[in-house]
file input35.txt (compact mmCIF, C-alpha atoms)
# COMPACT_ATOMS: atom_id res chain seq x y z
CA MET M 29 -19.23 -46.84 71.50
CA GLN M 30 -21.52 -44.62 73.52
CA ALA M 31 -23.94 -42.28 71.71
CA TRP M 32 -25.16 -38.97 73.15
CA HIS M 33 -28.06 -36.71 72.15
CA PHE M 34 -27.26 -33.00 72.36
CA THR M 35 -28.87 -29.65 71.70
CA GLU M 36 -27.67 -26.22 72.76
CA MET M 37 -31.34 -25.27 73.28
CA PRO M 38 -31.31 -22.47 70.67
CA TYR M 39 -33.70 -19.55 70.37
CA PRO M 40 -33.91 -19.13 66.56
CA HIS M 41 -36.89 -16.74 66.41
CA LEU M 42 -34.80 -13.72 65.46
CA PRO M 43 -34.71 -11.08 62.74
CA PRO M 44 -32.71 -12.16 59.65
CA PHE M 45 -29.02 -12.49 60.38
CA ASP M 46 -28.15 -9.74 57.90
CA GLU M 47 -30.14 -7.31 60.06
CA LEU M 48 -28.12 -8.16 63.18
CA ALA M 49 -24.52 -7.35 64.04
CA SER M 50 -24.23 -10.42 66.25
CA ILE M 51 -26.41 -13.01 67.94
CA ARG M 52 -23.83 -13.54 70.67
CA VAL M 53 -22.94 -11.23 73.59
CA THR M 54 -24.52 -8.00 72.32
CA LEU M 55 -27.94 -9.12 71.01
CA PRO M 56 -30.59 -7.14 72.96
CA SER M 57 -32.90 -9.28 75.09
CA LYS M 58 -35.92 -7.50 73.55
CA HIS M 59 -35.67 -10.21 70.89
CA PHE M 60 -36.50 -12.90 73.47
CA ASP M 61 -40.18 -13.70 74.00
CA PRO M 62 -40.55 -15.47 77.38
CA LYS M 63 -43.67 -17.35 76.22
CA ILE M 64 -41.80 -18.79 73.25
CA GLY M 65 -38.82 -19.45 75.50
CA ALA M 66 -40.97 -21.38 77.98
CA ASP M 67 -42.26 -23.61 75.19
CA LEU M 68 -38.75 -24.20 73.92
CA TYR M 69 -37.31 -25.12 77.31
CA ASN M 70 -40.04 -27.69 77.92
CA ARG M 71 -39.76 -29.05 74.38
CA TYR M 72 -35.99 -29.53 74.61
CA LEU M 73 -36.27 -31.28 77.98
CA ASP M 74 -38.99 -33.53 76.54
CA GLU M 75 -36.65 -34.47 73.71
CA TYR M 76 -33.95 -35.44 76.16
CA MET M 77 -36.45 -37.71 77.90
CA ILE M 78 -37.33 -39.28 74.54
CA ALA M 79 -33.62 -39.83 73.90
CA ASP M 80 -33.40 -41.65 77.23
CA ASP M 81 -36.34 -43.88 76.25
CA LEU M 82 -34.60 -44.65 72.95
CA GLY M 83 -31.45 -45.83 74.71
CA LEU M 84 -29.30 -42.77 74.09
CA ASN M 85 -27.22 -40.88 76.62
CA MET M 86 -27.77 -37.15 77.15
CA MET M 87 -25.35 -34.24 77.09
CA VAL M 88 -25.97 -30.61 78.04
CA ASN M 89 -23.84 -27.47 77.96
CA GLU M 90 -24.23 -23.80 78.75
CA HIS M 91 -23.45 -20.45 77.17
CA HIS M 92 -24.30 -16.89 78.08
CA GLN M 93 -25.79 -13.86 76.34
CA THR M 94 -26.46 -15.73 73.11
CA ALA M 95 -29.45 -16.95 71.12
CA THR M 96 -27.54 -20.08 70.11
CA CYS M 97 -27.92 -21.48 73.64
CA ILE M 98 -30.55 -20.48 76.17
CA ASP M 99 -29.38 -23.19 78.58
CA VAL M 100 -27.59 -20.59 80.70
CA ALA M 101 -27.28 -22.82 83.77
CA ALA M 102 -26.54 -26.36 82.66
CA PRO M 103 -26.55 -27.73 86.25
CA LEU M 104 -30.27 -26.82 86.40
CA SER M 105 -31.19 -28.72 83.23
CA LEU M 106 -28.91 -31.54 84.32
CA ALA M 107 -30.70 -31.76 87.69
CA ILE M 108 -34.06 -31.98 85.92
CA LEU M 109 -32.78 -34.82 83.73
CA ALA M 110 -31.26 -36.56 86.75
CA ARG M 111 -34.78 -36.84 88.20
CA GLN M 112 -36.86 -37.31 85.04
CA THR M 113 -34.72 -39.87 83.23
CA SER M 114 -33.68 -43.28 84.47
CA LYS M 115 -31.54 -45.21 81.97
CA GLY M 116 -28.98 -43.18 80.06
CA ARG M 117 -25.98 -41.40 81.44
CA ILE M 118 -26.11 -37.61 81.72
CA CYS M 119 -23.12 -35.44 80.92
CA ILE M 120 -22.44 -31.77 81.42
CA LEU M 121 -19.84 -30.51 79.00
CA GLY M 122 -19.45 -28.54 80.73
CA ASN M 123 -19.03 -26.47 83.80
CA PRO M 124 -17.32 -23.21 82.69
CA ILE M 125 -15.17 -23.36 85.77
CA ALA M 126 -12.84 -20.53 84.73
CA ASN M 127 -15.76 -18.09 84.63
CA ARG M 128 -17.83 -19.22 87.60
CA GLY M 129 -15.34 -18.28 90.27
CA ASP M 130 -16.09 -20.94 92.92
CA PRO M 131 -14.97 -24.52 92.15
CA ILE M 132 -16.31 -25.75 95.49
CA ARG M 133 -19.84 -24.72 94.58
CA ILE M 134 -19.47 -26.71 91.34
CA ALA M 135 -18.20 -29.74 93.28
CA GLU M 136 -21.29 -29.56 95.52
CA GLU M 137 -23.70 -29.23 92.59
CA MET M 138 -22.18 -32.16 90.72
CA ALA M 139 -22.20 -34.38 93.82
CA MET M 140 -25.87 -33.60 94.40
CA ILE M 141 -26.79 -34.37 90.79
CA ASP M 142 -24.78 -37.59 90.94
CA CYS M 143 -26.80 -38.66 93.98
CA ILE M 144 -30.17 -37.72 92.43
CA SER M 145 -29.31 -39.69 89.28
CA ARG M 146 -27.96 -42.63 91.30
CA GLY M 147 -24.54 -42.44 89.73
CA ARG M 148 -25.30 -41.59 86.10
CA LEU M 149 -23.34 -38.33 85.94
CA ASN M 150 -20.31 -37.57 83.78
CA ALA M 151 -18.88 -34.30 85.09
CA GLY M 152 -17.36 -32.21 82.31
CA PHE M 153 -15.32 -29.03 82.64
CA VAL M 154 -14.62 -26.38 80.02
CA ARG M 155 -12.44 -23.31 79.74
CA GLY M 156 -15.25 -21.42 78.01
CA VAL M 157 -15.34 -20.09 74.45
CA PRO M 158 -13.87 -16.65 73.76
CA TYR M 159 -17.30 -14.97 73.72
CA GLU M 160 -17.82 -15.95 77.37
CA ILE M 161 -15.00 -13.65 78.44
CA PHE M 162 -17.12 -10.56 77.86
CA ALA M 163 -20.16 -11.87 79.72
CA ALA M 164 -18.08 -13.07 82.69
CA ASN M 165 -15.59 -10.16 82.70
CA THR M 166 -12.72 -12.59 83.29
CA ASN M 167 -9.08 -12.24 82.33
CA PRO M 168 -8.59 -14.17 79.06
CA SER M 169 -4.97 -14.99 79.87
CA THR M 170 -5.85 -16.84 83.10
CA THR M 171 -8.80 -18.96 81.99
CA LEU M 172 -6.71 -22.03 81.17
CA ALA M 173 -4.94 -21.94 84.53
CA ARG M 174 -8.29 -21.45 86.28
CA LEU M 175 -9.72 -24.46 84.46
CA TRP M 176 -7.06 -26.87 85.62
CA GLU M 177 -6.83 -25.49 89.14
CA GLY M 178 -10.61 -25.80 89.45
CA VAL M 179 -10.72 -29.37 88.13
CA ASP M 180 -8.02 -30.48 90.57
CA LEU M 181 -9.83 -28.77 93.43
CA CYS M 182 -13.18 -30.40 92.60
CA ILE M 183 -11.57 -33.85 92.58
CA LYS M 184 -9.89 -33.19 95.92
CA ALA M 185 -13.20 -31.99 97.36
CA TRP M 186 -15.01 -35.12 96.11
CA THR M 187 -12.41 -37.49 97.52
CA SER M 188 -11.60 -35.91 100.92
CA HIS M 189 -13.92 -37.49 103.48
CA ASP M 190 -12.12 -37.46 106.84
CA GLU M 191 -11.84 -33.77 107.68
CA PRO M 192 -12.05 -30.29 106.16
CA PHE M 193 -9.04 -28.97 104.28
CA ASN M 194 -7.70 -25.49 103.64
CA VAL M 195 -7.23 -24.06 100.14
CA GLU M 196 -4.71 -21.34 99.33
CA THR M 197 -4.05 -21.44 95.59
CA GLN M 198 -3.56 -18.87 92.85
CA PHE M 199 -7.29 -18.29 92.39
CA THR M 200 -9.06 -19.92 95.36
CA HIS M 201 -8.85 -19.13 99.06
CA ARG M 202 -11.06 -21.19 101.37
CA ARG M 203 -10.62 -21.78 105.07
CA ALA M 204 -12.45 -25.11 105.39
CA VAL M 205 -13.60 -27.22 102.46
CA ASN M 206 -15.86 -30.10 103.46
CA VAL M 207 -18.23 -30.99 100.62
CA TRP M 208 -21.64 -32.40 101.48
CA PRO M 209 -23.02 -34.49 99.87
CA ARG M 210 -20.29 -36.76 98.56
CA PRO M 211 -20.75 -38.18 95.04
CA TYR M 212 -22.71 -41.37 94.48
CA GLN M 213 -19.93 -42.77 92.27
CA ASP M 214 -16.72 -43.83 93.99
CA PRO M 215 -14.29 -42.13 94.01
CA HIS M 216 -16.08 -39.53 91.84
CA PRO M 217 -17.99 -39.16 88.55
CA PRO M 218 -15.98 -39.64 85.34
CA VAL M 219 -14.31 -36.36 84.39
CA TRP M 220 -14.48 -34.93 80.86
CA VAL M 221 -12.73 -31.87 79.45
CA THR M 222 -13.01 -30.02 76.15
CA GLY M 223 -12.75 -26.63 74.55
CA SER M 224 -8.98 -26.46 74.16
CA SER M 225 -6.67 -27.29 71.28
CA ASP M 226 -3.72 -26.67 73.59
CA ARG M 227 -1.55 -29.77 73.34
CA GLU M 228 -0.40 -29.53 76.95
CA SER M 229 -4.03 -29.62 78.07
CA VAL M 230 -4.67 -32.68 75.89
CA LYS M 231 -1.62 -34.38 77.43
CA ARG M 232 -2.82 -33.48 80.91
CA ALA M 233 -6.27 -34.91 80.27
CA ALA M 234 -4.71 -38.15 79.02
CA SER M 235 -2.31 -38.45 81.95
CA LYS M 236 -5.18 -38.13 84.41
CA GLY M 237 -7.47 -40.56 82.58
CA PHE M 238 -10.07 -37.91 81.73
CA VAL M 239 -12.21 -38.08 78.60
CA PHE M 240 -11.14 -35.48 76.04
CA ALA M 241 -13.78 -34.18 73.62
CA THR M 242 -13.78 -32.06 70.47
CA PHE M 243 -16.76 -30.14 69.07
CA LEU M 244 -17.39 -29.49 65.36
CA GLN M 245 -13.77 -29.63 64.26
CA PRO M 246 -12.57 -30.90 60.85
CA TRP M 247 -11.23 -34.41 60.99
CA PRO M 248 -7.51 -33.59 60.44
CA VAL M 249 -7.58 -31.33 63.50
CA VAL M 250 -9.40 -33.98 65.52
CA ARG M 251 -6.94 -36.67 64.42
CA ASP M 252 -3.99 -34.53 65.47
CA LEU M 253 -5.42 -33.85 68.93
CA PHE M 254 -6.55 -37.44 69.44
CA ASP M 255 -3.10 -38.74 68.47
CA VAL M 256 -1.56 -36.50 71.15
CA TYR M 257 -4.05 -37.90 73.67
CA ARG M 258 -3.45 -41.52 72.67
CA ALA M 259 0.33 -41.20 72.88
CA ASN M 260 0.21 -39.70 76.35
CA TYR M 261 -2.53 -42.02 77.58
CA ARG M 262 -0.40 -45.01 76.57
CA ASP M 263 2.79 -43.55 78.05
CA ASN M 264 1.10 -43.00 81.40
CA GLY M 265 -0.11 -46.59 81.55
CA GLN M 266 -3.74 -45.80 82.23
CA PRO M 267 -5.49 -48.99 83.40
CA GLY M 268 -8.95 -47.87 82.32
CA GLY M 269 -11.31 -44.94 82.12
CA GLY M 270 -10.55 -41.95 79.97
CA GLY M 271 -11.24 -41.97 76.28
CA LEU M 272 -12.11 -39.72 73.37
CA ALA M 273 -15.34 -38.02 72.32
CA PHE M 274 -16.10 -36.69 68.84
CA MET M 275 -19.01 -34.38 68.00
CA PRO M 276 -20.47 -33.65 64.57
CA ILE M 277 -23.81 -32.19 63.57
CA LEU M 278 -25.88 -35.27 62.64
CA TYR M 279 -29.17 -35.87 60.84
CA VAL M 280 -30.68 -39.19 59.81
CA GLY M 281 -33.55 -39.13 57.31
CA ASP M 282 -35.76 -41.73 55.69
CA THR M 283 -34.50 -40.46 52.31
CA GLU M 284 -31.41 -38.62 51.12
CA SER M 285 -33.39 -35.49 50.31
CA GLU M 286 -35.03 -35.45 53.72
CA ALA M 287 -31.63 -35.92 55.38
CA GLU M 288 -30.13 -33.05 53.40
CA ARG M 289 -33.02 -30.78 54.35
CA GLY M 290 -32.59 -31.64 58.03
CA ALA M 291 -28.83 -31.13 57.90
CA ARG M 292 -29.25 -27.70 56.30
CA GLU M 293 -31.56 -26.68 59.13
CA LEU M 294 -29.05 -27.88 61.71
CA THR M 295 -26.25 -25.82 60.16
CA TRP M 296 -28.10 -22.72 61.34
CA TYR M 297 -25.72 -23.07 64.26
CA LEU M 298 -22.64 -22.76 62.04
CA LYS M 299 -24.01 -19.59 60.44
CA ALA M 300 -24.68 -17.77 63.71
CA LYS M 301 -23.11 -14.30 63.48
CA VAL M 302 -20.69 -12.82 65.96
CA GLU M 303 -18.80 -9.56 65.77
CA PRO M 304 -15.10 -10.11 64.96
CA GLN M 305 -13.80 -8.27 68.03
CA LEU M 306 -15.57 -10.85 70.23
CA ARG M 307 -13.95 -13.88 68.62
CA ASN M 308 -10.45 -13.70 70.05
CA PRO M 309 -9.95 -11.43 73.08
CA PRO M 310 -6.31 -10.55 73.79
CA GLY M 311 -4.61 -13.21 75.86
CA TYR M 312 -7.08 -16.00 75.13
CA SER M 313 -4.95 -17.65 72.41
CA PRO M 314 -1.15 -17.87 72.44
CA VAL M 315 0.61 -15.30 70.26
CA ALA M 316 2.23 -18.08 68.21
CA ALA M 317 -1.17 -19.60 67.44
CA ASN M 318 -2.54 -16.26 66.25
CA VAL M 319 0.50 -15.66 64.05
CA ALA M 320 0.24 -19.14 62.54
CA ALA M 321 -3.45 -18.63 61.78
CA MET M 322 -2.76 -15.31 60.06
CA ARG M 323 0.04 -16.81 57.97
CA GLY M 324 -1.73 -20.05 57.22
CA GLY M 325 -3.62 -19.03 54.10
CA ALA M 326 -6.76 -20.52 52.65
CA ASP M 327 -5.81 -24.16 53.14
CA THR M 328 -5.22 -23.69 56.86
CA ARG M 329 -8.48 -21.79 57.27
CA SER M 330 -10.39 -24.62 55.57
CA ARG M 331 -9.16 -26.95 58.32
CA THR M 332 -10.59 -24.83 61.12
CA ASN M 333 -14.06 -24.61 62.56
CA ASP M 334 -14.45 -20.93 61.62
CA GLY M 335 -13.21 -21.58 58.10
CA LEU M 336 -15.70 -24.38 57.55
CA ARG M 337 -18.64 -22.16 58.46
CA ALA M 338 -18.37 -20.49 55.06
CA THR M 339 -18.08 -23.72 53.06
CA SER M 340 -20.80 -25.80 51.43
CA LEU M 341 -22.79 -28.51 53.19
CA GLU M 342 -21.00 -31.16 51.13
CA GLU M 343 -17.60 -29.78 52.16
CA GLN M 344 -18.69 -29.77 55.78
CA ARG M 345 -19.66 -33.43 55.43
CA GLU M 346 -16.34 -34.24 53.75
CA HIS M 347 -14.48 -32.73 56.72
CA GLY M 348 -16.59 -34.68 59.23
CA VAL M 349 -18.23 -31.62 60.76
CA VAL M 350 -21.69 -32.59 59.45
CA ILE M 351 -22.95 -36.16 59.00
CA TYR M 352 -26.24 -36.77 57.21
CA GLY M 353 -28.05 -39.29 55.04
CA THR M 354 -30.19 -42.41 55.28
CA PRO M 355 -29.43 -44.78 58.19
CA ASP M 356 -26.96 -46.88 56.19
CA GLN M 357 -25.28 -43.77 54.77
CA VAL M 358 -24.90 -42.25 58.23
CA ALA M 359 -23.49 -45.50 59.64
CA ALA M 360 -20.97 -45.58 56.78
CA GLN M 361 -19.94 -41.96 57.42
CA ILE M 362 -19.44 -42.65 61.13
CA HIS M 363 -17.27 -45.64 60.26
CA ARG M 364 -15.28 -43.40 57.91
CA GLU M 365 -14.70 -40.77 60.59
CA TYR M 366 -13.81 -43.47 63.11
CA GLU M 367 -11.12 -44.80 60.75
CA ARG M 368 -9.80 -41.37 59.73
CA ILE M 369 -9.58 -40.14 63.32
CA GLY M 370 -8.10 -43.37 64.63
CA GLY M 371 -11.09 -44.38 66.74
CA PHE M 372 -13.05 -42.81 69.57
CA ASP M 373 -15.24 -43.90 72.48
CA HIS M 374 -18.13 -41.43 72.44
CA LEU M 375 -20.19 -40.05 69.58
CA LEU M 376 -21.68 -36.73 70.67
CA MET M 377 -24.42 -35.70 68.26
CA MET M 378 -25.86 -32.24 67.78
CA MET M 379 -29.24 -33.59 66.66
CA GLN M 380 -31.22 -30.37 67.08
CA ALA M 381 -30.34 -26.79 66.23
CA GLY M 382 -31.99 -23.71 64.77
CA PHE M 383 -35.51 -24.17 63.48
CA LEU M 384 -35.44 -27.99 63.33
CA ASP M 385 -38.86 -28.82 64.74
CA HIS M 386 -39.86 -31.35 67.37
CA LYS M 387 -41.21 -33.93 64.93
CA SER M 388 -38.05 -33.89 62.80
CA THR M 389 -35.79 -34.00 65.86
CA VAL M 390 -37.60 -37.04 67.27
CA ARG M 391 -37.49 -38.78 63.88
CA ASN M 392 -33.76 -38.07 63.68
CA MET M 393 -33.16 -39.57 67.13
CA THR M 394 -35.42 -42.55 66.46
CA LEU M 395 -33.81 -43.51 63.15
CA PHE M 396 -30.37 -43.20 64.70
CA ALA M 397 -31.24 -45.27 67.78
CA LYS M 398 -33.02 -48.03 65.90
CA GLU M 399 -31.13 -48.27 62.61
CA VAL M 400 -27.72 -46.60 62.95
CA TYR M 401 -26.62 -47.27 66.52
CA PRO M 402 -26.71 -51.08 66.16
CA GLN M 403 -24.21 -50.74 63.28
CA ILE M 404 -21.61 -48.81 65.30
CA LYS M 405 -22.24 -49.77 68.92
CA ASP M 406 -19.57 -52.47 69.05
CA LEU M 407 -16.72 -50.35 67.65
CA PRO M 408 -13.79 -50.69 70.11
CA GLY M 409 -12.77 -47.76 72.28
CA THR M 410 -9.42 -46.17 73.13
CA VAL M 411 -8.27 -48.71 75.71
CA GLU M 412 -9.07 -51.66 73.42
CA LEU M 413 -7.42 -50.03 70.40
CA LEU M 414 -4.25 -49.22 72.31
CA ALA M 415 -4.08 -52.73 73.75
CA ALA M 416 -4.50 -54.24 70.29
CA ALA M 417 -1.73 -52.03 68.90
CA GLN M 418 0.85 -53.20 71.44

call {"tool": "encode", "arguments": {"input": "input35.txt", "output": "C-alpha cells"}}
result
Amino acid sequence: MQAWHFTEMPYPHLPPFDELASIRVTLPSKHFDPKIGADLYNRYLDEYMIADDLGLNMMVNEHHQTATCIDVAAPLSLAILARQTSKGRICILGNPIANRGDPIRIAEEMAMIDCISRGRLNAGFVRGVPYEIFAANTNPSTTLARLWEGVDLCIKAWTSHDEPFNVETQFTHRRAVNVWPRPYQDPHPPVWVTGSSDRESVKRAASKGFVFATFLQPWPVVRDLFDVYRANYRDNGQPGGGGLAFMPILYVGDTESEAERGARELTWYLKAKVEPQLRNPPGYSPVAANVAAMRGGADTRSRTNDGLRATSLEEQREHGVVIYGTPDQVAAQIHREYERIGGFDHLLMMMQAGFLDHKSTVRNMTLFAKEVYPQIKDLPGTVELLAAAQ
C-alpha cells in the first residue's frame, strides 16, 4: 500500500464562521493577508519536503475562490515539489480539466513536470466540485463530458510522437497538436481520476486501468463505488496498473487525547461554510440523483459527505471519514477500513487542515511514517486481491 501526505493549503485566519455567509466562492479577498499567505505557502511546501524525507508520497490539488484551499494552481506547487523532492512520487488530483479549457496545455505541463521529477508524476484529472462552476463560468451539464474528452486527448498527445495530429471534437479544435516535451515515463504517467460518483465514470476508469479515488466519503459509499470498479477492472482483464485510492482525514498522536485534539482541528475542513445555492448548480447532478437524495431521509443523508459534516467526531470515525488515535489505534482503524471497503492500493491522508500548526503536522506525519506505515505497508492491492479471488 502506498501512503500519501496531503493538505489543501488552507487559509484559516478568518472571522468566525457564524459571521460569514460562505468561505467558498463569495468570500471577499479583503480577508486574505498576503504576508500571512506567503508564510503559509512556504510552510506547506516545507511540510511536503518533510513528508518526502519520511518516505511518504505527496499529493496536491487545487480549488478556486475559497479559503479552504489557496493552492489555486496545483501544477505550480507540483513543479516546485518535482525539483525540491527526490524520493516519493508526486500526484496531482487533480487537473480540473473541465474548467481549464485547453487539455493540450495540461498535457504539456504534466510532461514537463514528469521530466523535472525524472518520472515520479502521477497525473490526476478531476471534473471539479460544484463550487468551481461559478468561478470558471462553465456549463454544469457538460463538465463530465469535458473531463473524459480531455483525459483521452491528453493521453493521445503524450503518446503521439511521429507527427502532429488534428483535433476536431465536441469541445476542442486544434489544427496541429505536437506536444513537446514528451513525458519521462513511457508511455505516459499513471492516470488517476476522482470527483465523481457516477457509476459509468467508475466503470470507464476501471476499463482503462486508471486509478480511481474517493475523498472523505463514508465507507458504505466507498465500498459501493470500489465494487463497481473491481467488477469492471476484472471483466476487462487489466494486466496491471490501475487501482483504488481512499482518503480520510487522519491524525496520529502520542496519546488518545492528543490524537482527538488534532482530529478536531483537522475537521475544520468539514465545517467550512458554503451557501446552499452554490452546492448543486442545475445540470451538475443527474435529476434522478437529486430526487433520490431528497427522498432518502435521515439515514441516506448520514451516508453522504454533506450529511456527515453535521455529525460528531466519533460518528465521523465510525464511518471512516476521520481516522485518529495512537499509532496502534490508527493502524487498527486502517485495517478495519481496508476490510470493510474490500481493499485499496493507496491511502491518501489529509494530515493538515485548518489551524493545525506546523509542529503538530510534522509530529502527525512522523508518527505515521515510523509507527503506522510499517503495519499496513504490505497490505495487498487491487490486482493481487482480484487474482487471489479467482

call {"tool": "closest_atom_pairs", "arguments": {"input": "input35.txt", "of": "region 194-304 of chain M", "to": "region 39-48 of chain M", "cutoff": "9 Å", "atoms": "all atoms listed in the file", "output": "Markdown table"}}
result
| residue | atom | partner | partner_atom | distance |
| --- | --- | --- | --- | --- |
| M:Trp296 | CA | M:Pro40 | CA | 8.6 |
| M:Lys299 | CA | M:Phe45 | CA | 8.7 |
| M:Ala300 | CA | M:Phe45 | CA | 7.6 |
| M:Lys301 | CA | M:Phe45 | CA | 6.9 |

call {"tool": "residues_around", "arguments": {"input": "input35.txt", "residues": "Leu395 (chain M)", "least_positions_apart": "6", "cutoff": "10 Å", "atoms": "all atoms listed in the file", "output": "PyMOL selection string"}}
result
chain M and resi 82+279-282+354-355+401

call {"tool": "closest_atom_pairs", "arguments": {"input": "input35.txt", "of": "region 157-189 of chain M", "to": "region 227-250 of chain M", "cutoff": "12 Å", "atoms": "all atoms listed in the file", "output": "Markdown table"}}
result
| residue | atom | partner | partner_atom | distance |
| --- | --- | --- | --- | --- |
| M:Val157 | CA | M:Phe243 | CA | 11.5 |
| M:Leu172 | CA | M:Ser229 | CA | 8.6 |
| M:Ala173 | CA | M:Ser229 | CA | 10.1 |
| M:Leu175 | CA | M:Ser229 | CA | 10.0 |
| M:Trp176 | CA | M:Ser229 | CA | 8.6 |
| M:Val179 | CA | M:Ala233 | CA | 10.6 |
| M:Asp180 | CA | M:Lys236 | CA | 10.2 |
| M:Ile183 | CA | M:Lys236 | CA | 11.2 |

call {"tool": "atom_distance", "arguments": {"input": "input35.txt", "atom1": "CA of Val315 (chain M)", "atom2": "CA of Asn127 (chain M)"}}
result
22.0 Å

call {"tool": "closest_residue", "arguments": {"input": "input35.txt", "among": "M:Gly122, M:Phe193, M:His91, M:Ala415", "to": "Tyr261 (chain M)", "atoms": "all atoms listed in the file"}}
result
M:Ala415

call {"tool": "residues_around", "arguments": {"input": "input35.txt", "residues": "region 185-187 of chain M", "least_positions_apart": "5", "cutoff": "9 Å", "atoms": "all atoms listed in the file", "output": "compact mmCIF listing (two decimals) with C-alpha atoms, in the coordinates of the input"}}
result
# COMPACT_ATOMS: atom_id res chain seq x y z
CA ILE M 132 -16.31 -25.75 95.49
CA ALA M 135 -18.20 -29.74 93.28
CA GLU M 136 -21.29 -29.56 95.52
CA ALA M 139 -22.20 -34.38 93.82
CA ASP M 180 -8.02 -30.48 90.57
CA PHE M 193 -9.04 -28.97 104.28
CA VAL M 205 -13.60 -27.22 102.46
CA ASN M 206 -15.86 -30.10 103.46
CA VAL M 207 -18.23 -30.99 100.62
CA TRP M 208 -21.64 -32.40 101.48
CA PRO M 209 -23.02 -34.49 99.87
CA ARG M 210 -20.29 -36.76 98.56
CA PRO M 211 -20.75 -38.18 95.04
CA ASP M 214 -16.72 -43.83 93.99
CA PRO M 215 -14.29 -42.13 94.01
CA HIS M 216 -16.08 -39.53 91.84

call {"tool": "decode", "arguments": {"input": "input35.txt", "residues": "region 135-162 of chain M", "atoms": "C-alpha atoms", "output": "PDB file, in the first residue's frame"}}
result
ATOM      1  CA  ALA M 135      -0.615  17.670 -21.339  1.00  0.00           C
ATOM      2  CA  GLU M 136       2.408  19.940 -21.828  1.00  0.00           C
ATOM      3  CA  GLU M 137       2.557  20.950 -18.155  1.00  0.00           C
ATOM      4  CA  MET M 138       2.341  17.364 -16.941  1.00  0.00           C
ATOM      5  CA  ALA M 139       5.015  16.183 -19.385  1.00  0.00           C
ATOM      6  CA  MET M 140       7.358  18.935 -18.211  1.00  0.00           C
ATOM      7  CA  ILE M 141       6.796  18.095 -14.545  1.00  0.00           C
ATOM      8  CA  ASP M 142       7.322  14.402 -15.280  1.00  0.00           C
ATOM      9  CA  CYS M 143      10.688  15.234 -16.832  1.00  0.00           C
ATOM     10  CA  ILE M 144      11.761  17.534 -13.971  1.00  0.00           C
ATOM     11  CA  SER M 145      10.873  14.837 -11.424  1.00  0.00           C
ATOM     12  CA  ARG M 146      12.535  12.109 -13.503  1.00  0.00           C
ATOM     13  CA  GLY M 147       9.370  10.090 -13.805  1.00  0.00           C
ATOM     14  CA  ARG M 148       7.772  10.475 -10.374  1.00  0.00           C
ATOM     15  CA  LEU M 149       4.492  12.026 -11.536  1.00  0.00           C
ATOM     16  CA  ASN M 150       1.004  10.566 -11.198  1.00  0.00           C
ATOM     17  CA  ALA M 151      -1.252  12.705 -13.389  1.00  0.00           C
ATOM     18  CA  GLY M 152      -4.739  13.030 -11.931  1.00  0.00           C
ATOM     19  CA  PHE M 153      -7.809  14.576 -13.546  1.00  0.00           C
ATOM     20  CA  VAL M 154     -10.983  15.832 -11.896  1.00  0.00           C
ATOM     21  CA  ARG M 155     -14.346  17.086 -13.038  1.00  0.00           C
ATOM     22  CA  GLY M 156     -14.276  19.821 -10.390  1.00  0.00           C
ATOM     23  CA  VAL M 157     -16.575  20.248  -7.402  1.00  0.00           C
ATOM     24  CA  PRO M 158     -19.866  22.110  -7.887  1.00  0.00           C
ATOM     25  CA  TYR M 159     -18.479  25.342  -6.389  1.00  0.00           C
ATOM     26  CA  GLU M 160     -15.920  25.545  -9.208  1.00  0.00           C
ATOM     27  CA  ILE M 161     -18.676  26.092 -11.751  1.00  0.00           C
ATOM     28  CA  PHE M 162     -19.250  29.653 -10.568  1.00  0.00           C
TER      29      PHE M 162
END
